[in-house]
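What follows is the content of start29.txt, which has compact mmCIF, N, CA and C atoms:
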# COMPACT_ATOMS: atom_id res chain seq x y z
N MET A 1 -98.41 -30.03 77.15
CA MET A 1 -99.26 -28.87 77.38
C MET A 1 -100.42 -29.28 78.29
N ASN A 2 -100.82 -28.38 79.11
CA ASN A 2 -101.93 -28.60 80.02
C ASN A 2 -103.21 -28.85 79.20
N PRO A 3 -103.98 -29.90 79.57
CA PRO A 3 -105.21 -30.19 78.80
C PRO A 3 -106.20 -29.04 78.78
N LYS A 4 -106.26 -28.27 79.86
CA LYS A 4 -107.19 -27.14 79.90
C LYS A 4 -106.76 -26.05 78.91
N LEU A 5 -105.46 -25.77 78.87
CA LEU A 5 -104.96 -24.79 77.91
C LEU A 5 -105.13 -25.30 76.48
N LYS A 6 -104.91 -26.58 76.30
CA LYS A 6 -105.05 -27.16 74.97
C LYS A 6 -106.48 -27.02 74.47
N SER A 7 -107.45 -27.19 75.37
CA SER A 7 -108.85 -27.06 74.96
C SER A 7 -109.20 -25.60 74.66
N ILE A 8 -108.55 -24.67 75.32
CA ILE A 8 -108.82 -23.25 75.07
C ILE A 8 -108.31 -22.85 73.69
N PHE A 9 -107.11 -23.32 73.33
CA PHE A 9 -106.49 -22.91 72.07
C PHE A 9 -106.79 -23.86 70.91
N ARG A 10 -107.64 -24.85 71.14
CA ARG A 10 -108.00 -25.78 70.07
C ARG A 10 -108.82 -25.03 69.00
N ALA A 11 -108.45 -25.25 67.78
CA ALA A 11 -109.14 -24.58 66.68
C ALA A 11 -110.44 -25.31 66.37
N PRO A 12 -111.53 -24.58 66.23
CA PRO A 12 -112.79 -25.24 65.87
C PRO A 12 -112.74 -25.72 64.42
N ALA A 13 -113.58 -26.66 64.12
CA ALA A 13 -113.67 -27.14 62.73
C ALA A 13 -114.18 -26.02 61.85
N LEU A 14 -113.52 -25.83 60.72
CA LEU A 14 -113.94 -24.77 59.81
C LEU A 14 -115.21 -25.17 59.09
N SER A 15 -116.12 -24.24 59.04
CA SER A 15 -117.34 -24.41 58.26
C SER A 15 -117.46 -23.20 57.34
N ARG A 16 -118.32 -23.29 56.39
CA ARG A 16 -118.52 -22.16 55.47
C ARG A 16 -118.92 -20.91 56.25
N THR A 17 -119.77 -21.07 57.25
CA THR A 17 -120.22 -19.94 58.06
C THR A 17 -119.06 -19.30 58.80
N ARG A 18 -118.22 -20.11 59.42
CA ARG A 18 -117.06 -19.58 60.16
C ARG A 18 -116.10 -18.85 59.22
N ILE A 19 -115.87 -19.41 58.04
CA ILE A 19 -114.95 -18.79 57.09
C ILE A 19 -115.49 -17.44 56.63
N VAL A 20 -116.76 -17.41 56.25
CA VAL A 20 -117.36 -16.15 55.78
C VAL A 20 -117.38 -15.11 56.89
N LEU A 21 -117.72 -15.52 58.11
CA LEU A 21 -117.76 -14.59 59.23
C LEU A 21 -116.38 -14.02 59.54
N ALA A 22 -115.37 -14.88 59.55
CA ALA A 22 -114.01 -14.41 59.83
C ALA A 22 -113.53 -13.44 58.76
N LEU A 23 -113.79 -13.76 57.50
CA LEU A 23 -113.38 -12.86 56.43
C LEU A 23 -114.17 -11.55 56.48
N ALA A 24 -115.44 -11.61 56.85
CA ALA A 24 -116.24 -10.39 56.96
C ALA A 24 -115.70 -9.48 58.08
N ILE A 25 -115.30 -10.08 59.19
CA ILE A 25 -114.72 -9.30 60.29
C ILE A 25 -113.42 -8.65 59.84
N ALA A 26 -112.58 -9.41 59.14
CA ALA A 26 -111.29 -8.89 58.69
C ALA A 26 -111.48 -7.75 57.68
N VAL A 27 -112.37 -7.95 56.72
CA VAL A 27 -112.62 -6.91 55.72
C VAL A 27 -113.22 -5.67 56.37
N ALA A 28 -114.12 -5.86 57.33
CA ALA A 28 -114.71 -4.72 58.03
C ALA A 28 -113.65 -3.95 58.81
N ALA A 29 -112.76 -4.66 59.49
CA ALA A 29 -111.70 -3.99 60.26
C ALA A 29 -110.78 -3.21 59.32
N ASP A 30 -110.36 -3.83 58.23
CA ASP A 30 -109.49 -3.12 57.29
C ASP A 30 -110.21 -1.94 56.65
N GLY A 31 -111.48 -2.12 56.32
CA GLY A 31 -112.25 -1.04 55.71
C GLY A 31 -112.44 0.14 56.65
N LEU A 32 -112.76 -0.15 57.91
CA LEU A 32 -112.93 0.93 58.88
C LEU A 32 -111.63 1.70 59.07
N GLN A 33 -110.52 0.98 59.14
CA GLN A 33 -109.25 1.67 59.32
C GLN A 33 -108.89 2.51 58.10
N LEU A 34 -109.23 2.04 56.94
CA LEU A 34 -108.97 2.81 55.73
C LEU A 34 -109.85 4.06 55.68
N LEU A 35 -111.11 3.91 56.08
CA LEU A 35 -112.02 5.07 56.10
C LEU A 35 -111.61 6.12 57.13
N LEU A 36 -111.11 5.66 58.28
CA LEU A 36 -110.70 6.61 59.31
C LEU A 36 -109.46 7.38 58.90
N GLY A 37 -108.59 6.74 58.12
CA GLY A 37 -107.37 7.40 57.65
C GLY A 37 -106.57 7.96 58.80
N PRO A 38 -106.13 9.21 58.69
CA PRO A 38 -105.29 9.80 59.73
C PRO A 38 -106.02 10.03 61.05
N LEU A 39 -107.35 10.07 61.02
CA LEU A 39 -108.09 10.28 62.27
C LEU A 39 -107.97 9.08 63.21
N GLY A 40 -107.69 7.94 62.66
CA GLY A 40 -107.64 6.73 63.47
C GLY A 40 -106.32 6.50 64.19
N TRP A 41 -105.33 7.33 63.94
CA TRP A 41 -104.03 7.09 64.55
C TRP A 41 -104.06 7.21 66.06
N ALA A 42 -104.90 8.04 66.59
CA ALA A 42 -104.89 8.30 68.02
C ALA A 42 -105.40 7.12 68.84
N PHE A 43 -106.61 6.67 68.60
CA PHE A 43 -107.17 5.64 69.47
C PHE A 43 -108.07 4.63 68.75
N PRO A 44 -108.92 5.06 67.83
CA PRO A 44 -109.88 4.12 67.22
C PRO A 44 -109.24 2.93 66.51
N ASP A 45 -108.10 3.12 65.84
CA ASP A 45 -107.47 2.02 65.13
C ASP A 45 -107.04 0.90 66.08
N GLN A 46 -106.55 1.27 67.24
CA GLN A 46 -106.13 0.25 68.21
C GLN A 46 -107.33 -0.52 68.75
N VAL A 47 -108.44 0.15 68.92
CA VAL A 47 -109.66 -0.53 69.37
C VAL A 47 -110.15 -1.49 68.29
N ILE A 48 -110.13 -1.04 67.05
CA ILE A 48 -110.54 -1.89 65.93
C ILE A 48 -109.64 -3.13 65.86
N ASP A 49 -108.32 -2.93 66.04
CA ASP A 49 -107.39 -4.06 65.99
C ASP A 49 -107.65 -5.06 67.10
N CYS A 50 -107.89 -4.57 68.31
CA CYS A 50 -108.16 -5.47 69.44
C CYS A 50 -109.45 -6.26 69.21
N VAL A 51 -110.47 -5.57 68.76
CA VAL A 51 -111.75 -6.24 68.51
C VAL A 51 -111.61 -7.26 67.38
N ALA A 52 -110.90 -6.88 66.32
CA ALA A 52 -110.70 -7.79 65.19
C ALA A 52 -109.94 -9.04 65.63
N MET A 53 -108.89 -8.86 66.40
CA MET A 53 -108.09 -10.01 66.86
C MET A 53 -108.93 -10.94 67.73
N ILE A 54 -109.69 -10.39 68.63
CA ILE A 54 -110.52 -11.20 69.54
C ILE A 54 -111.61 -11.93 68.75
N LEU A 55 -112.31 -11.22 67.87
CA LEU A 55 -113.40 -11.84 67.12
C LEU A 55 -112.90 -12.91 66.14
N ILE A 56 -111.82 -12.62 65.44
CA ILE A 56 -111.28 -13.60 64.50
C ILE A 56 -110.79 -14.84 65.24
N SER A 57 -110.13 -14.63 66.38
CA SER A 57 -109.68 -15.77 67.19
C SER A 57 -110.86 -16.57 67.71
N TRP A 58 -111.93 -15.91 68.03
CA TRP A 58 -113.11 -16.60 68.55
C TRP A 58 -113.78 -17.42 67.45
N VAL A 59 -113.81 -16.88 66.22
CA VAL A 59 -114.51 -17.54 65.12
C VAL A 59 -113.72 -18.72 64.56
N ILE A 60 -112.43 -18.51 64.25
CA ILE A 60 -111.66 -19.59 63.62
C ILE A 60 -110.56 -20.13 64.52
N GLY A 61 -110.48 -19.65 65.73
CA GLY A 61 -109.46 -20.13 66.66
C GLY A 61 -108.20 -19.29 66.56
N PHE A 62 -107.46 -19.26 67.66
CA PHE A 62 -106.22 -18.48 67.69
C PHE A 62 -105.16 -19.15 66.83
N HIS A 63 -104.41 -18.35 66.11
CA HIS A 63 -103.26 -18.84 65.35
C HIS A 63 -102.12 -17.85 65.56
N ILE A 64 -100.90 -18.35 65.57
CA ILE A 64 -99.73 -17.51 65.85
C ILE A 64 -99.56 -16.39 64.82
N LEU A 65 -100.06 -16.56 63.60
CA LEU A 65 -99.97 -15.52 62.58
C LEU A 65 -100.76 -14.26 62.94
N LEU A 66 -101.71 -14.39 63.84
CA LEU A 66 -102.50 -13.22 64.22
C LEU A 66 -101.67 -12.22 65.03
N LEU A 67 -100.66 -12.70 65.75
CA LEU A 67 -99.85 -11.80 66.58
C LEU A 67 -99.02 -10.81 65.77
N PRO A 68 -98.25 -11.26 64.76
CA PRO A 68 -97.52 -10.26 63.97
C PRO A 68 -98.45 -9.29 63.23
N THR A 69 -99.59 -9.78 62.83
CA THR A 69 -100.55 -8.90 62.16
C THR A 69 -101.01 -7.81 63.11
N PHE A 70 -101.26 -8.19 64.35
CA PHE A 70 -101.68 -7.21 65.36
C PHE A 70 -100.59 -6.16 65.56
N VAL A 71 -99.33 -6.59 65.60
CA VAL A 71 -98.22 -5.65 65.80
C VAL A 71 -98.05 -4.75 64.58
N VAL A 72 -98.15 -5.32 63.38
CA VAL A 72 -98.01 -4.52 62.16
C VAL A 72 -99.12 -3.47 62.09
N GLU A 73 -100.28 -3.79 62.57
CA GLU A 73 -101.40 -2.84 62.55
C GLU A 73 -101.15 -1.63 63.45
N LEU A 74 -100.19 -1.71 64.34
CA LEU A 74 -99.88 -0.58 65.20
C LEU A 74 -98.98 0.45 64.50
N VAL A 75 -98.36 0.06 63.39
CA VAL A 75 -97.51 0.98 62.63
C VAL A 75 -98.42 1.87 61.78
N PRO A 76 -98.30 3.19 61.92
CA PRO A 76 -99.25 4.10 61.29
C PRO A 76 -99.47 3.92 59.79
N VAL A 77 -98.47 3.79 58.97
CA VAL A 77 -98.67 3.72 57.52
C VAL A 77 -99.09 2.31 57.10
N LEU A 78 -98.56 1.30 57.77
CA LEU A 78 -98.85 -0.08 57.40
C LEU A 78 -100.28 -0.50 57.73
N GLU A 79 -100.93 0.23 58.60
CA GLU A 79 -102.29 -0.13 58.99
C GLU A 79 -103.29 0.07 57.85
N ASP A 80 -102.90 0.84 56.84
CA ASP A 80 -103.81 1.07 55.72
C ASP A 80 -103.85 -0.11 54.75
N PHE A 81 -102.91 -1.03 54.86
CA PHE A 81 -102.93 -2.23 54.01
C PHE A 81 -103.92 -3.24 54.59
N PRO A 82 -104.49 -4.07 53.76
CA PRO A 82 -105.49 -5.05 54.26
C PRO A 82 -104.83 -6.25 54.95
N THR A 83 -104.11 -5.98 56.03
CA THR A 83 -103.37 -7.04 56.71
C THR A 83 -104.28 -8.03 57.42
N TRP A 84 -105.38 -7.56 57.99
CA TRP A 84 -106.30 -8.49 58.66
C TRP A 84 -106.92 -9.46 57.66
N THR A 85 -107.27 -8.94 56.51
CA THR A 85 -107.87 -9.80 55.48
C THR A 85 -106.86 -10.83 54.98
N ALA A 86 -105.65 -10.39 54.70
CA ALA A 86 -104.61 -11.30 54.22
C ALA A 86 -104.26 -12.35 55.26
N CYS A 87 -104.13 -11.94 56.50
CA CYS A 87 -103.79 -12.87 57.57
C CYS A 87 -104.91 -13.88 57.79
N THR A 88 -106.13 -13.41 57.79
CA THR A 88 -107.27 -14.31 57.99
C THR A 88 -107.36 -15.33 56.86
N ALA A 89 -107.14 -14.89 55.63
CA ALA A 89 -107.15 -15.82 54.50
C ALA A 89 -106.03 -16.85 54.63
N ALA A 90 -104.85 -16.41 55.09
CA ALA A 90 -103.73 -17.34 55.29
C ALA A 90 -104.03 -18.35 56.39
N VAL A 91 -104.60 -17.89 57.49
CA VAL A 91 -104.93 -18.80 58.59
C VAL A 91 -105.99 -19.81 58.14
N ILE A 92 -106.97 -19.36 57.39
CA ILE A 92 -108.02 -20.27 56.90
C ILE A 92 -107.39 -21.33 55.99
N ALA A 93 -106.49 -20.91 55.10
CA ALA A 93 -105.83 -21.87 54.21
C ALA A 93 -105.01 -22.89 55.01
N LEU A 94 -104.29 -22.42 56.02
CA LEU A 94 -103.50 -23.34 56.85
C LEU A 94 -104.39 -24.29 57.63
N ARG A 95 -105.48 -23.76 58.18
CA ARG A 95 -106.40 -24.61 58.95
C ARG A 95 -107.06 -25.67 58.06
N LYS A 96 -107.41 -25.28 56.84
CA LYS A 96 -108.01 -26.26 55.92
C LYS A 96 -107.02 -27.38 55.63
N ARG A 97 -105.77 -27.02 55.41
CA ARG A 97 -104.75 -28.03 55.15
C ARG A 97 -104.56 -28.94 56.37
N GLU A 98 -104.55 -28.35 57.56
CA GLU A 98 -104.42 -29.15 58.79
C GLU A 98 -105.60 -30.10 58.94
N GLN A 99 -106.79 -29.61 58.70
CA GLN A 99 -107.97 -30.45 58.89
C GLN A 99 -108.05 -31.56 57.85
N ARG A 100 -107.58 -31.30 56.63
CA ARG A 100 -107.55 -32.36 55.63
C ARG A 100 -106.55 -33.45 56.01
N ALA A 101 -105.44 -33.05 56.62
CA ALA A 101 -104.42 -34.02 57.01
C ALA A 101 -104.89 -34.87 58.20
N VAL A 102 -105.70 -34.28 59.08
CA VAL A 102 -106.16 -34.98 60.28
C VAL A 102 -107.33 -35.90 59.98
N LEU A 103 -108.20 -35.49 59.07
CA LEU A 103 -109.37 -36.30 58.76
C LEU A 103 -108.95 -37.63 58.16
N PRO A 104 -109.45 -38.70 58.70
CA PRO A 104 -109.08 -40.00 58.11
C PRO A 104 -109.74 -40.14 56.75
N SER A 105 -109.00 -40.74 55.85
CA SER A 105 -109.57 -40.95 54.53
C SER A 105 -110.58 -42.10 54.61
N VAL A 106 -111.65 -41.96 53.91
CA VAL A 106 -112.70 -42.96 53.91
C VAL A 106 -112.24 -44.12 53.03
N PRO A 107 -112.13 -45.29 53.61
CA PRO A 107 -111.67 -46.41 52.78
C PRO A 107 -112.76 -46.82 51.79
N SER A 108 -112.31 -47.24 50.64
CA SER A 108 -113.29 -47.70 49.65
C SER A 108 -113.79 -49.07 50.06
N PRO A 109 -115.01 -49.38 49.72
CA PRO A 109 -115.55 -50.68 50.12
C PRO A 109 -114.72 -51.80 49.49
N PRO A 110 -114.55 -52.90 50.21
CA PRO A 110 -113.76 -53.98 49.66
C PRO A 110 -114.44 -54.56 48.41
N GLU A 111 -113.60 -54.91 47.49
CA GLU A 111 -114.14 -55.47 46.27
C GLU A 111 -114.61 -56.90 46.53
N LYS A 112 -115.76 -57.22 46.01
CA LYS A 112 -116.31 -58.56 46.19
C LYS A 112 -115.72 -59.43 45.08
N PRO A 113 -115.40 -60.64 45.42
CA PRO A 113 -114.83 -61.51 44.39
C PRO A 113 -115.86 -61.79 43.30
N THR A 114 -115.38 -61.91 42.11
CA THR A 114 -116.25 -62.22 40.98
C THR A 114 -116.53 -63.71 40.96
N ILE A 115 -117.77 -64.05 40.81
CA ILE A 115 -118.15 -65.46 40.76
C ILE A 115 -118.34 -65.82 39.29
N GLU A 116 -117.56 -66.75 38.85
CA GLU A 116 -117.68 -67.20 37.46
C GLU A 116 -118.57 -68.44 37.41
N ILE A 117 -119.41 -68.47 36.45
CA ILE A 117 -120.30 -69.63 36.31
C ILE A 117 -119.86 -70.45 35.13

This structure in structure tokens:
Amino acid sequence: MNPKLKSIFRAPALSRTRIVLALAIAVAADGLQLLLGPLGWAFPDQVIDCVAMILISWVIGFHILLLPTFVVELVPVLEDFPTWTACTAAVIALRKREQRAVLPSVPSPPEKPTIEI
């Protein structure tokens, strides 16, 4: 992969702030779509979905799971389910697992030999 593209799609390190912000964006998007109900079918729901996808990708990095969620949100009845919240929680869980696997484990200090007198 091209190094420039790799740097664009590199996921930032998760912090408590990033996690809370991403979940807040997802909950807000799902809540707005639920409040709009049938009024949102025409145009507002698609705008909310685009903004949610962009903001969540910006906060926690792009993940392939965001694409099917975006497509599912275009289906009129399925958009009422909290798909952004569920997807964001899944991506956060996957990213945490990835970051734990990448972080080197801190070696324990070597044991000093016991000196007997």

Around all of segment 58-72 of chain A's listed atoms, make the axis-aligned box with 4 Å on each side and tell me centre and edge lengths in Å to one decimal, as AutoDock Vina command-line options.
--center_x -106.0 --center_y -11.8 --center_z 65.3 --size_x 25.0 --size_y 24.7 --size_z 14.5

Checklist entry - Which residues, written as a PyMOL selection string, have at least one atom at most 8 Å from Leu55 of chain A, with all atoms listed in the file counted and residues fewer than 4 positions away on the same chain left out? => result chain A and resi 21-22+25-26+49-51+59-61

Item to check | Residues near Thr88 of chain A, cut-off 8 Å, only N, CA and C atoms, skip fewer than 6 positions along chain, as a ChimeraX atom specification | outcome: /A:22-23,26,56,65-66,82,94

Next on the checklist: For a test of reading the model, state the distance in Å between atom N of Ala13 of chain A and atom N of Gly31 of chain A, rounded to one decimal.
Outcome noted: 25.8 Å

Item to check | Point-to-point distance in Å for atom CA of Pro12 of chain A and atom N of Leu34 of chain A | outcome: 28.9 Å

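The space between atom C of Thr83 of chain A and atom N of Arg18 of chain A spans 18.6 Å.
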
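Distances from A:Thr69, A:Phe43, A:Leu32, A:Ala24 to Cys87 of chain A were compared using all atoms listed in the file, and the smallest one belongs to A:Thr69.
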
Next on the checklist: So that I can see what lies close to Leu67 of chain A, please list as number ranges by chain the residues with an atom at most 10 Å from it, counting only C-alpha atoms and leaving out residues fewer than 5 positions away in the same chain.
Outcome noted: A: 53, 62, 72-73, 87

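The residue that comes closest to Val91 of chain A, out of A:Leu35, A:His63, A:Asp30, A:Val20 and on the basis of only N, CA and C atoms, is A:His63.
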
Next on the checklist: Just list as a ChimeraX atom specification whatever in segment 47-114 of chain A DSSP marks as alpha helix (DSSP H).
Outcome noted: /A:47-60,66-72,83-102

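Remark: for Ile92 of chain A, the closest of the candidate residues A:Val47, A:Ala11, A:Ala52, A:Ile19 is A:Ile19 (distances computed over only C-alpha atoms).
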
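Nearest to Phe70 of chain A of all the residues A:Arg97, A:Pro44, A:Ser57, A:Trp84 is A:Trp84, based on all atoms listed in the file.
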